[in-house]
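Visitor: Coordinates in entry_17.tsv, TSV, C-alpha atoms, are listed below.
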```tsv
chain	number	residue	atom	x	y	z
A	819	MET	CA	17.97	22.13	27.02
A	820	SER	CA	14.82	20.14	27.78
A	821	VAL	CA	12.03	19.67	25.25
A	822	CYS	CA	8.49	18.52	25.97
A	823	GLU	CA	8.14	14.77	25.41
A	824	VAL	CA	5.03	15.41	23.33
A	825	VAL	CA	7.01	17.53	20.89
A	826	LYS	CA	9.71	14.86	20.57
A	827	GLY	CA	7.11	12.42	19.32
A	828	LEU	CA	5.69	14.69	16.64
A	829	LYS	CA	6.46	14.41	12.95
A	830	PRO	CA	6.30	17.77	11.14
A	831	TYR	CA	3.70	18.31	8.45
A	832	GLN	CA	5.17	17.55	5.03
A	833	GLY	CA	3.78	19.73	2.27
A	834	GLY	CA	4.07	18.94	-1.41
A	835	LYS	CA	7.63	19.14	-2.69
A	836	PRO	CA	8.34	22.65	-4.05
A	837	ILE	CA	9.03	23.00	-7.77
A	838	SER	CA	12.34	24.77	-7.13
A	839	GLU	CA	13.53	21.92	-4.90
A	840	LEU	CA	12.88	19.30	-7.57
A	841	GLN	CA	14.60	21.45	-10.19
A	842	ARG	CA	17.70	21.65	-7.99
A	843	GLU	CA	17.73	17.93	-7.22
A	844	TYR	CA	17.45	16.66	-10.78
A	845	GLY	CA	18.51	19.63	-12.89
A	846	LEU	CA	15.06	19.86	-14.47
A	847	LYS	CA	13.84	22.93	-16.33
A	848	HIS	CA	10.18	21.96	-16.61
A	849	VAL	CA	8.29	20.64	-13.58
A	850	VAL	CA	4.57	19.93	-13.22
A	851	LYS	CA	3.30	20.12	-9.64
A	852	LEU	CA	0.14	18.14	-8.97
A	853	ALA	CA	0.64	17.64	-5.24
A	854	SER	CA	-0.82	20.46	-3.16
A	855	ASN	CA	-4.40	20.92	-4.41
A	856	GLU	CA	-3.67	24.38	-5.76
A	857	ASN	CA	-5.81	26.22	-8.30
A	858	PRO	CA	-4.22	25.70	-11.75
A	859	LEU	CA	-5.83	28.92	-13.04
A	860	GLY	CA	-4.05	30.92	-10.35
A	861	VAL	CA	-5.26	34.27	-9.05
A	862	GLY	CA	-8.08	36.16	-10.76
A	863	GLN	CA	-7.18	39.41	-12.49
A	864	LYS	CA	-9.29	41.57	-10.17
A	865	THR	CA	-7.68	39.98	-7.15
A	866	LEU	CA	-4.21	40.38	-8.59
A	867	GLU	CA	-4.78	44.09	-9.17
A	868	ALA	CA	-6.03	44.53	-5.59
A	869	MET	CA	-2.96	42.72	-4.27
A	870	GLN	CA	-0.59	44.89	-6.28
A	871	GLN	CA	-2.13	48.02	-4.81
A	872	ALA	CA	-2.02	46.58	-1.28
A	873	VAL	CA	1.72	45.85	-1.50
A	874	SER	CA	2.47	49.58	-1.21
A	875	GLU	CA	0.85	49.55	2.23
A	876	VAL	CA	2.79	46.72	3.86
A	877	ASP	CA	4.83	49.13	5.99
A	878	ARG	CA	1.75	49.31	8.22
A	879	TYR	CA	0.38	46.56	10.46
A	880	PRO	CA	-2.74	44.91	9.06
A	881	ASP	CA	-6.15	45.45	10.59
A	882	GLY	CA	-5.99	43.03	13.51
A	883	SER	CA	-9.76	42.64	13.57
A	884	GLY	CA	-9.99	42.03	9.81
A	885	PHE	CA	-13.02	44.33	9.63
A	886	GLU	CA	-13.32	44.59	5.83
A	887	LEU	CA	-12.74	40.88	5.24
A	888	LYS	CA	-15.20	39.89	7.94
A	889	ARG	CA	-17.75	42.25	6.44
A	890	ALA	CA	-17.21	40.75	2.98
A	891	ILE	CA	-17.62	37.19	4.30
A	892	SER	CA	-20.61	38.30	6.39
A	893	ASN	CA	-22.36	39.73	3.33
A	894	TYR	CA	-21.43	36.76	1.15
A	895	LEU	CA	-22.72	34.12	3.58
A	896	ASP	CA	-25.43	36.26	5.20
A	897	VAL	CA	-24.11	35.74	8.71
A	898	SER	CA	-23.12	38.13	11.48
A	899	ALA	CA	-19.53	39.37	11.37
A	900	ASP	CA	-19.32	38.44	15.05
A	901	MET	CA	-19.62	34.76	14.02
A	902	ILE	CA	-16.41	34.89	11.97
A	903	THR	CA	-12.84	34.11	13.05
A	904	LEU	CA	-9.96	34.73	10.65
A	905	GLY	CA	-6.86	32.55	10.42
A	906	ASN	CA	-3.52	32.21	8.72
A	907	GLY	CA	-5.04	29.58	6.46
A	908	SER	CA	-7.69	27.19	7.80
A	909	ASN	CA	-4.87	25.17	9.43
A	910	ASP	CA	-4.45	28.04	11.85
A	911	ILE	CA	-8.15	27.91	12.66
A	912	LEU	CA	-8.05	24.14	13.28
A	913	GLU	CA	-5.23	24.60	15.78
A	914	LEU	CA	-7.04	27.50	17.47
A	915	ILE	CA	-10.08	25.31	17.95
A	916	ALA	CA	-8.03	22.47	19.41
A	917	LYS	CA	-6.30	24.84	21.85
A	918	THR	CA	-9.65	26.22	22.91
A	919	TYR	CA	-11.41	22.95	23.64
A	920	VAL	CA	-8.68	20.42	24.47
A	921	CYS	CA	-7.36	21.04	27.97
A	922	SER	CA	-5.76	17.83	29.28
A	923	SER	CA	-4.14	14.55	28.24
A	924	THR	CA	-7.32	12.66	29.07
A	925	ASP	CA	-9.39	14.76	26.66
A	926	GLU	CA	-10.30	12.84	23.50
A	927	VAL	CA	-10.47	14.06	19.92
A	928	ILE	CA	-12.31	11.95	17.33
A	929	PHE	CA	-11.46	11.87	13.63
A	930	SER	CA	-11.46	9.29	10.87
A	931	GLU	CA	-8.56	7.37	9.43
A	932	TYR	CA	-7.62	8.72	5.99
A	933	ALA	CA	-8.52	12.24	7.10
A	934	PHE	CA	-6.59	15.51	7.04
A	935	VAL	CA	-3.17	15.08	8.67
A	936	VAL	CA	-3.49	18.29	10.72
A	937	TYR	CA	-6.14	16.68	12.95
A	938	PRO	CA	-3.72	14.21	14.59
A	939	LEU	CA	-0.94	16.82	14.64
A	940	ALA	CA	-3.10	19.35	16.50
A	941	THR	CA	-4.25	16.65	18.92
A	942	GLN	CA	-0.80	15.24	19.62
A	943	ALA	CA	0.77	18.68	20.05
A	944	LEU	CA	-1.59	19.28	22.96
A	945	GLY	CA	-0.86	15.89	24.50
A	946	ALA	CA	-4.49	14.85	24.11
A	947	THR	CA	-5.84	11.43	23.18
A	948	ALA	CA	-6.60	10.78	19.51
A	949	VAL	CA	-9.51	8.45	18.79
A	950	VAL	CA	-9.26	7.30	15.18
A	951	THR	CA	-12.31	5.56	13.75
A	952	LYS	CA	-12.10	3.16	10.84
A	953	SER	CA	-13.08	4.57	7.47
A	954	LYS	CA	-16.04	3.41	5.42
A	955	ASP	CA	-15.38	3.18	1.68
A	956	PHE	CA	-12.38	5.49	2.28
A	957	GLY	CA	-14.62	8.11	3.88
A	958	HIS	CA	-16.04	8.91	7.31
A	959	ASP	CA	-18.09	6.26	9.07
A	960	LEU	CA	-20.44	8.50	11.02
A	961	GLU	CA	-21.96	5.65	13.00
A	962	ALA	CA	-18.50	4.54	14.12
A	963	MET	CA	-17.71	8.10	15.16
A	964	LEU	CA	-20.90	8.29	17.23
A	965	LEU	CA	-20.06	5.01	18.93
A	966	ALA	CA	-16.58	6.35	19.77
A	967	ILE	CA	-17.99	9.21	21.85
A	968	THR	CA	-17.31	8.99	25.58
A	969	ASP	CA	-17.59	11.38	28.50
A	970	LYS	CA	-14.00	12.40	27.69
A	971	THR	CA	-14.74	13.46	24.11
A	972	LYS	CA	-14.16	17.18	23.58
A	973	LEU	CA	-13.82	17.59	19.84
A	974	ILE	CA	-14.78	15.87	16.57
A	975	PHE	CA	-13.19	16.71	13.21
A	976	ILE	CA	-15.02	15.94	9.95
A	977	ALA	CA	-13.66	16.99	6.55
A	978	ASN	CA	-16.27	17.19	3.79
A	979	PRO	CA	-15.18	16.75	1.04
A	980	ASN	CA	-12.49	14.67	2.71
A	981	ASN	CA	-8.76	15.03	2.09
A	982	PRO	CA	-6.97	12.89	0.81
A	983	THR	CA	-9.81	10.66	-0.40
A	984	GLY	CA	-12.19	13.22	-1.94
A	985	THR	CA	-15.20	11.37	-0.51
A	986	LEU	CA	-18.37	13.28	0.28
A	987	LEU	CA	-21.00	12.89	2.99
A	988	SER	CA	-24.56	13.93	2.13
A	989	ASP	CA	-26.16	16.88	3.90
A	990	GLU	CA	-28.80	14.51	5.26
A	991	ALA	CA	-26.17	12.22	6.80
A	992	LEU	CA	-24.29	15.13	8.34
A	993	HIS	CA	-27.40	16.75	9.76
A	994	GLY	CA	-28.48	13.44	11.27
A	995	PHE	CA	-25.03	13.03	12.80
A	996	LEU	CA	-25.04	16.52	14.33
A	997	SER	CA	-28.47	15.92	15.85
A	998	ARG	CA	-27.08	12.90	17.74
A	999	VAL	CA	-23.88	14.49	19.07
A	1000	PRO	CA	-24.21	15.91	22.60
A	1001	ASN	CA	-24.15	19.71	22.72
A	1002	SER	CA	-21.17	19.55	25.08
A	1003	ILE	CA	-18.94	18.23	22.26
A	1004	THR	CA	-17.65	20.64	19.63
A	1005	VAL	CA	-17.93	19.43	16.02
A	1006	VAL	CA	-15.68	20.94	13.35
A	1007	LEU	CA	-16.97	20.65	9.79
A	1008	ASP	CA	-13.90	21.28	7.66
A	1009	GLN	CA	-15.11	22.53	4.26
A	1010	ALA	CA	-11.84	23.56	2.62
A	1011	TYR	CA	-13.11	22.22	-0.71
A	1012	PHE	CA	-16.73	23.32	-0.40
A	1013	GLU	CA	-16.65	25.67	-3.40
A	1014	TYR	CA	-16.13	22.72	-5.75
A	1015	LEU	CA	-19.51	21.22	-4.79
A	1016	ASP	CA	-22.50	21.75	-7.03
A	1017	HIS	CA	-25.20	22.17	-4.40
A	1018	ALA	CA	-26.68	24.70	-2.00
A	1019	ASP	CA	-24.84	25.87	1.09
A	1020	ARG	CA	-27.06	24.26	3.75
A	1021	ALA	CA	-24.41	23.89	6.48
A	1022	ILE	CA	-24.39	27.61	7.29
A	1023	GLY	CA	-28.05	27.37	8.25
A	1024	TRP	CA	-27.26	24.60	10.74
A	1025	LEU	CA	-25.33	27.06	12.93
A	1026	ALA	CA	-28.63	28.38	14.28
A	1027	GLU	CA	-29.64	24.83	15.17
A	1028	PHE	CA	-26.38	23.43	16.55
A	1029	GLU	CA	-24.52	25.74	18.94
A	1030	ASN	CA	-21.60	23.26	19.08
A	1031	LEU	CA	-20.89	23.44	15.32
A	1032	ILE	CA	-17.90	25.21	13.75
A	1033	ILE	CA	-17.49	25.43	9.96
A	1034	THR	CA	-14.00	26.08	8.56
A	1035	ARG	CA	-13.25	27.30	5.04
A	1036	THR	CA	-10.28	28.67	3.14
A	1037	PHE	CA	-9.21	30.90	0.26
A	1038	SER	CA	-6.32	28.55	-0.59
A	1039	LYS	CA	-8.18	26.21	-2.95
A	1040	ALA	CA	-10.87	27.39	-5.34
A	1041	TYR	CA	-9.95	31.06	-4.83
A	1042	GLY	CA	-6.29	30.42	-5.67
A	1043	LEU	CA	-4.70	32.22	-2.70
A	1044	ALA	CA	-2.69	29.32	-1.24
A	1045	GLY	CA	0.49	31.40	-0.98
A	1046	LEU	CA	-1.18	34.12	1.07
A	1047	ARG	CA	-2.56	31.82	3.80
A	1048	VAL	CA	-6.01	33.10	4.68
A	1049	GLY	CA	-8.86	31.03	6.05
A	1050	TYR	CA	-11.78	31.50	8.39
A	1051	CYS	CA	-14.45	29.77	10.42
A	1052	ILE	CA	-18.10	30.50	11.12
A	1053	SER	CA	-19.61	29.56	14.46
A	1054	SER	CA	-21.83	30.92	17.19
A	1055	GLU	CA	-20.80	34.35	18.45
A	1056	LYS	CA	-19.89	32.73	21.78
A	1057	ILE	CA	-17.43	30.30	20.16
A	1058	ALA	CA	-15.99	33.05	17.95
A	1059	ASP	CA	-15.38	35.14	21.06
A	1060	TYR	CA	-13.40	32.30	22.67
A	1061	LEU	CA	-11.35	31.67	19.52
A	1062	ASN	CA	-10.49	35.33	19.12
A	1063	ARG	CA	-9.22	35.47	22.71
A	1064	ILE	CA	-6.31	33.17	21.83
A	1065	ARG	CA	-5.89	34.12	18.17
A	1066	GLN	CA	-2.52	35.72	17.47
A	1067	PRO	CA	-2.78	39.46	16.75
A	1068	PHE	CA	-2.32	40.31	13.06
A	1069	ASN	CA	-2.46	36.60	12.10
A	1070	VAL	CA	-3.76	37.45	8.60
A	1071	ASN	CA	-1.52	39.86	6.73
A	1072	HIS	CA	-2.73	42.97	4.94
A	1073	VAL	CA	-2.24	41.74	1.36
A	1074	ALA	CA	-4.04	38.51	2.19
A	1075	GLN	CA	-7.03	40.37	3.62
A	1076	VAL	CA	-7.29	42.66	0.61
A	1077	ALA	CA	-6.91	39.73	-1.81
A	1078	ALA	CA	-9.58	37.68	-0.06
A	1079	VAL	CA	-12.07	40.56	-0.21
A	1080	ALA	CA	-11.37	40.97	-3.93
A	1081	ALA	CA	-11.63	37.21	-4.54
A	1082	LEU	CA	-15.08	37.07	-2.93
A	1083	GLY	CA	-16.13	39.88	-5.24
A	1084	ASP	CA	-14.92	38.06	-8.37
A	1085	GLN	CA	-17.37	35.20	-8.68
A	1086	SER	CA	-16.71	34.84	-12.41
A	1087	HIS	CA	-13.18	33.63	-11.67
A	1088	LEU	CA	-14.54	31.19	-9.12
A	1089	VAL	CA	-16.97	29.81	-11.71
A	1090	ARG	CA	-14.16	29.38	-14.24
A	1091	SER	CA	-12.07	27.62	-11.61
A	1092	VAL	CA	-14.85	25.17	-10.78
A	1093	ILE	CA	-15.50	24.41	-14.46
A	1094	ALA	CA	-11.80	23.83	-15.07
A	1095	ASN	CA	-11.70	21.52	-12.06
A	1096	ASN	CA	-14.67	19.48	-13.24
A	1097	ASN	CA	-13.07	19.09	-16.68
A	1098	GLY	CA	-9.75	18.12	-15.12
A	1099	LEU	CA	-11.35	15.47	-12.93
A	1100	LYS	CA	-13.05	13.92	-15.96
A	1101	GLN	CA	-9.77	14.00	-17.91
A	1102	LEU	CA	-7.92	12.17	-15.14
A	1103	GLU	CA	-10.71	9.64	-14.62
A	1104	GLN	CA	-10.80	8.84	-18.33
A	1105	GLY	CA	-7.01	8.56	-18.40
A	1106	PHE	CA	-6.98	6.18	-15.43
A	1107	ASP	CA	-9.74	4.11	-17.01
A	1108	LYS	CA	-7.67	3.70	-20.19
A	1109	LEU	CA	-4.69	2.61	-18.11
A	1110	GLY	CA	-6.81	0.14	-16.15
A	1111	LEU	CA	-6.21	1.93	-12.84
A	1112	SER	CA	-8.81	2.14	-10.07
A	1113	TYR	CA	-9.39	5.40	-8.21
A	1114	ILE	CA	-11.59	6.91	-5.52
A	1115	PRO	CA	-14.31	9.12	-7.07
A	1116	SER	CA	-13.62	12.63	-5.83
A	1117	SER	CA	-15.73	15.70	-5.04
A	1118	ALA	CA	-12.69	17.95	-4.55
A	1119	ASN	CA	-9.81	19.26	-6.70
A	1120	PHE	CA	-7.72	16.09	-6.49
A	1121	ILE	CA	-8.13	12.37	-6.97
A	1122	SER	CA	-6.43	9.36	-5.38
A	1123	VAL	CA	-5.40	6.57	-7.74
A	1124	LYS	CA	-4.29	3.04	-6.87
A	1125	VAL	CA	-1.03	1.65	-8.31
A	1126	ASP	CA	1.10	-1.43	-7.70
A	1127	ASP	CA	4.01	0.28	-5.96
A	1128	ALA	CA	3.19	3.86	-4.94
A	1129	ALA	CA	6.60	4.66	-3.42
A	1130	LYS	CA	8.48	3.50	-6.50
A	1131	LEU	CA	6.15	5.23	-8.94
A	1132	TYR	CA	6.24	8.45	-6.95
A	1133	GLN	CA	10.03	8.53	-7.22
A	1134	GLN	CA	9.97	7.70	-10.93
A	1135	LEU	CA	7.51	10.52	-11.57
A	1136	LEU	CA	9.73	12.94	-9.67
A	1137	GLU	CA	12.65	12.05	-11.90
A	1138	LEU	CA	10.49	12.89	-14.91
A	1139	GLY	CA	9.47	16.23	-13.41
A	1140	PHE	CA	6.00	15.38	-12.05
A	1141	ILE	CA	5.20	16.02	-8.39
A	1142	VAL	CA	2.24	14.10	-6.96
A	1143	ARG	CA	1.48	13.24	-3.33
A	1144	PRO	CA	2.05	9.97	-1.46
A	1145	VAL	CA	-0.74	9.34	1.06
A	1146	GLU	CA	-1.25	6.99	4.00
A	1147	MET	CA	-3.48	4.66	2.00
A	1148	LYS	CA	-1.38	1.76	0.81
A	1149	ASN	CA	-0.33	2.04	-2.84
A	1150	TYR	CA	-2.37	5.17	-3.53
A	1151	LEU	CA	-1.09	8.46	-4.92
A	1152	ARG	CA	-3.06	11.68	-4.72
A	1153	VAL	CA	-3.04	13.77	-7.87
A	1154	SER	CA	-4.19	17.41	-7.84
A	1155	ILE	CA	-6.12	18.82	-10.77
A	1156	GLY	CA	-3.84	20.81	-13.08
A	1157	THR	CA	-4.36	22.43	-16.44
A	1158	SER	CA	-5.49	20.27	-19.35
A	1159	ARG	CA	-1.93	20.26	-20.74
A	1160	GLU	CA	-0.41	19.35	-17.37
A	1161	ILE	CA	-2.83	16.47	-16.94
A	1162	SER	CA	-2.18	15.23	-20.47
A	1163	ASP	CA	1.57	15.30	-19.93
A	1164	PHE	CA	1.18	13.55	-16.57
A	1165	LEU	CA	-0.94	10.77	-18.07
A	1166	ASP	CA	1.63	10.27	-20.84
A	1167	ALA	CA	4.40	9.99	-18.24
A	1168	LEU	CA	2.30	7.61	-16.16
A	1169	LYS	CA	1.62	5.43	-19.18
A	1170	SER	CA	5.33	5.26	-20.02
A	1171	LEU	CA	6.19	4.15	-16.50
A	1172	LEU	CA	3.41	1.58	-16.22
```
I need this file expressed as structure tokens, please.

Guide:
Amino acid sequence: MSVCEVVKGLKPYQGGKPISELQREYGLKHVVKLASNENPLGVGQKTLEAMQQAVSEVDRYPDGSGFELKRAISNYLDVSADMITLGNGSNDILELIAKTYVCSSTDEVIFSEYAFVVYPLATQALGATAVVTKSKDFGHDLEAMLLAITDKTKLIFIANPNNPTGTLLSDEALHGFLSRVPNSITVVLDQAYFEYLDHADRAIGWLAEFENLIITRTFSKAYGLAGLRVGYCISSEKIADYLNRIRQPFNVNHVAQVAAVAALGDQSHLVRSVIANNNGLKQLEQGFDKLGLSYIPSSANFISVKVDDAAKLYQQLLELGFIVRPVEMKNYLRVSIGTSREISDFLDALKSLL
């Protein structure tokens, strides 16, 4: 049985180790997972109640067009529903975009080093050429990305805030970048962690100015619906039409659609989640300062800390029941924001190991 050479060269995406897996491996009863940037407050009560009611309806196929969810997002962001594409998490959307705009092995996709791992995976899976620009202070170097553009460039990925570094580009820098990218090149602004930012949503307004811009967002982070896999993008109606032509039918399940609508309507839970995240970031920063550890200031719901031997420390933490995330940056570990108790326990474990 023959397999495409491109597929043979791929390494599958590795998510954070599941709690149940660690419990089986080490016989642990109590495990703290700080690896997958999940919301430590979980699902809001209103959303949970909506989900419970929706479960009784799973014998039916979901609404393939996602009418109610699109309408909710449309009203929330004040955009046309025809500008919205729904996905099985924003990962699904990123792959849809790549499939739409990358057509041959000579096509080039630009993204930064230390950026979201799905960008190279989506590029490599299509046999396209990845153009990786050097980072600047662990974040995107927009000038380097502009210089990397050629007549073969089809797509540019920018995560803001960035994962796994948590770095943030200013709106002014991003707008200036977009104004210098040729209209023939599609730019994806990946805003999976946007809700954690304390400033106005200016990017949505740029869609009227830049017809080549796509903004991706998700319900997996601040809204606490990681297990349901529901994301979306906003773009011109023309781009949305193309994306929906290749989108899998029923790619967002019924419970996920109902939950996302309810989550958008429960802004009080979102506010609590953001406050808890801000407090958790401060708690981790203060803890790292006391331990004499350097870290990358973060604008998301995680923080990357530098240690002497990341691989060794990661394993030692696992054995104590703490799951964090190794990243491609040498001797850095990414730590998601947990509850105050989880963070306190983690810092105690870290101190004992150091």

Visitor: Would you mind reading off the distance between atom CA of Val936 of chain A and atom CA of Glu913 of chain A, one decimal, in Å?

Guide: 8.3 Å

Visitor: Closest to Val927 of chain A among A:Leu996, A:Val897, A:Val1005, A:Ala1128, using only C-alpha atoms?

Guide: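 That would be A:Val1005, the residue with the smallest distance to Val927 of chain A.
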
Visitor: Excluding Leu1111 of chain A and residues on its chain fewer than 3 positions from it, collect all residues at most 7 Å away from it, counting only C-alpha atoms, and give them as a ChimeraX atom specification.

Guide: /A:1106-1107,1123-1125

Visitor: Which one of A:Tyr1150, A:Phe929, A:Phe1028, A:Phe995 sits closest to Glu961 of chain A if you count only C-alpha atoms?

Guide: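 Counting only C-alpha atoms, the residue closest to Glu961 of chain A is A:Phe995.
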
Visitor: Have a look at atom CA of His848 of chain A and atom CA of Arg1159 of chain A and let me know their distance in Å, one decimal.

Guide: 12.9 Å

Visitor: Determine the nearest neighbour of Ile976 of chain A from the options A:Val1048, A:Ile1114, A:Leu960, A:Val1092, counting all atoms listed in the file.

Guide: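 The closest residue to Ile976 of chain A is A:Leu960.
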
Visitor: Give me, please, the distance in Å between atom CA of Ile1141 of chain A and atom CA of Pro836 of chain A, quoted to one decimal.

Guide: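 If I compute the distance from atom CA of Ile1141 of chain A to atom CA of Pro836 of chain A, I get 8.5 Å.
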
Visitor: With only C-alpha atoms as the atoms that count, which of A:Leu1043, A:Leu1031, A:Ala1129, A:Leu939 lies nearest to Leu1082 of chain A?

Guide: A:Leu1043

Visitor: Can you write out as CSV which residues of segment 833-903 of chain A fall within 9 Å of segment 1072-1075 of chain A, alongside each residue's closest atom pair and its distance in Å to one decimal, counting all atoms listed in the file and ordering rows by chain and ascending residue number?

Guide:
```
residue,atom,partner,partner_atom,distance
A:Ala868,CA,A:Val1073,CA,8.4
A:Met869,CA,A:Val1073,CA,5.8
A:Gln870,CA,A:Val1073,CA,8.4
A:Gln871,CA,A:Val1073,CA,8.8
A:Ala872,CA,A:Val1073,CA,5.5
A:Val873,CA,A:Val1073,CA,6.4
A:Glu875,CA,A:His1072,CA,8.0
A:Val876,CA,A:His1072,CA,6.8
A:Arg878,CA,A:His1072,CA,8.4
A:Tyr879,CA,A:His1072,CA,7.3
A:Pro880,CA,A:His1072,CA,4.6
A:Asp881,CA,A:His1072,CA,7.1
A:Gly884,CA,A:Gln1075,CA,7.1
A:Glu886,CA,A:Gln1075,CA,7.9
A:Leu887,CA,A:Gln1075,CA,6.0
```

Visitor: Check the smallest atom-to-atom distance from each of A:Ile1121, A:Leu965, A:Ala1167, A:Leu1088 to Gly860 of chain A using only C-alpha atoms, then report the winner.

Guide: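 Checking each candidate against Gly860 of chain A, we get A:Leu1088 as the closest.
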
Visitor: Which is closer to Leu1136 of chain A than all the others in A:Phe934, A:Phe1164, A:Phe1120, A:Tyr1011, using only C-alpha atoms?

Guide: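 Comparing A:Phe934, A:Phe1164, A:Phe1120, A:Tyr1011 against Leu1136 of chain A, the winner is A:Phe1164.
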
Visitor: Please return the centre and edge lengths, in Å to one decimal, of a box with edges along x, y and z that contains all listed atoms of segment 1120-1131 of chain A, widened by 3 Å on every side, as lines of an AutoDock Vina configuration file.

Guide:
```
center_x = 0.2
center_y = 7.3
center_z = -6.2
size_x = 22.6
size_y = 23.5
size_z = 11.5
```

Visitor: So that I can check the surroundings of Gly1105 of chain A, please list as number ranges by chain every protein, DNA and RNA residue that reaches within 12 Å of it, counting all atoms listed in the file and ignoring chain neighbours fewer than 6 positions away.

Guide: A: 1098-1099, 1111-1113, 1123, 1158, 1161-1169

Visitor: Leaving out Ser1116 of chain A and any residue of its chain fewer than 2 positions from it, which residues lie within 6 Å of it when counting all atoms listed in the file, given as a PyMOL selection string?

Guide: chain A and resi 984-985+1118+1121

Visitor: Pick out the residues sitting within 6 Å of segment 908-912 of chain A, and hand them over as a list in words; count only C-alpha atoms, and ignore anything fewer than 6 positions along from it in its own chain.

Guide: Thr1036, Gly1049 and Tyr1050 of chain A

Visitor: Up to 10 Å from (-10.1, 21.8, 18.9) in the file's coordinates: name the residues, counting only C-alpha atoms, as an mmCIF file with C-alpha atoms, in the coordinates of the input.

Guide:
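Output (part-v1.cif):
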```cif
data_model
loop_
_atom_site.group_PDB
_atom_site.id
_atom_site.type_symbol
_atom_site.label_atom_id
_atom_site.label_comp_id
_atom_site.auth_asym_id
_atom_site.auth_seq_id
_atom_site.Cartn_x
_atom_site.Cartn_y
_atom_site.Cartn_z
ATOM 1 C CA ILE A 911 -8.150 27.910 12.660
ATOM 2 C CA LEU A 912 -8.050 24.140 13.280
ATOM 3 C CA GLU A 913 -5.230 24.600 15.780
ATOM 4 C CA LEU A 914 -7.040 27.500 17.470
ATOM 5 C CA ILE A 915 -10.080 25.310 17.950
ATOM 6 C CA ALA A 916 -8.030 22.470 19.410
ATOM 7 C CA LYS A 917 -6.300 24.840 21.850
ATOM 8 C CA THR A 918 -9.650 26.220 22.910
ATOM 9 C CA TYR A 919 -11.410 22.950 23.640
ATOM 10 C CA VAL A 920 -8.680 20.420 24.470
ATOM 11 C CA CYS A 921 -7.360 21.040 27.970
ATOM 12 C CA VAL A 927 -10.470 14.060 19.920
ATOM 13 C CA TYR A 937 -6.140 16.680 12.950
ATOM 14 C CA ALA A 940 -3.100 19.350 16.500
ATOM 15 C CA THR A 941 -4.250 16.650 18.920
ATOM 16 C CA LEU A 944 -1.590 19.280 22.960
ATOM 17 C CA LYS A 972 -14.160 17.180 23.580
ATOM 18 C CA LEU A 973 -13.820 17.590 19.840
ATOM 19 C CA ILE A 974 -14.780 15.870 16.570
ATOM 20 C CA PHE A 975 -13.190 16.710 13.210
ATOM 21 C CA THR A 1004 -17.650 20.640 19.630
ATOM 22 C CA VAL A 1005 -17.930 19.430 16.020
ATOM 23 C CA VAL A 1006 -15.680 20.940 13.350
ATOM 24 C CA ILE A 1032 -17.900 25.210 13.750
ATOM 25 C CA LEU A 1061 -11.350 31.670 19.520
#
```

Visitor: Name the residues within 8 Å of (-3.6, 22.7, -5.2), counting all atoms listed in the file in the file's coordinates, and put them as a ChimeraX atom specification.

Guide: /A:852-858,1038-1039,1044,1119-1120,1154-1155
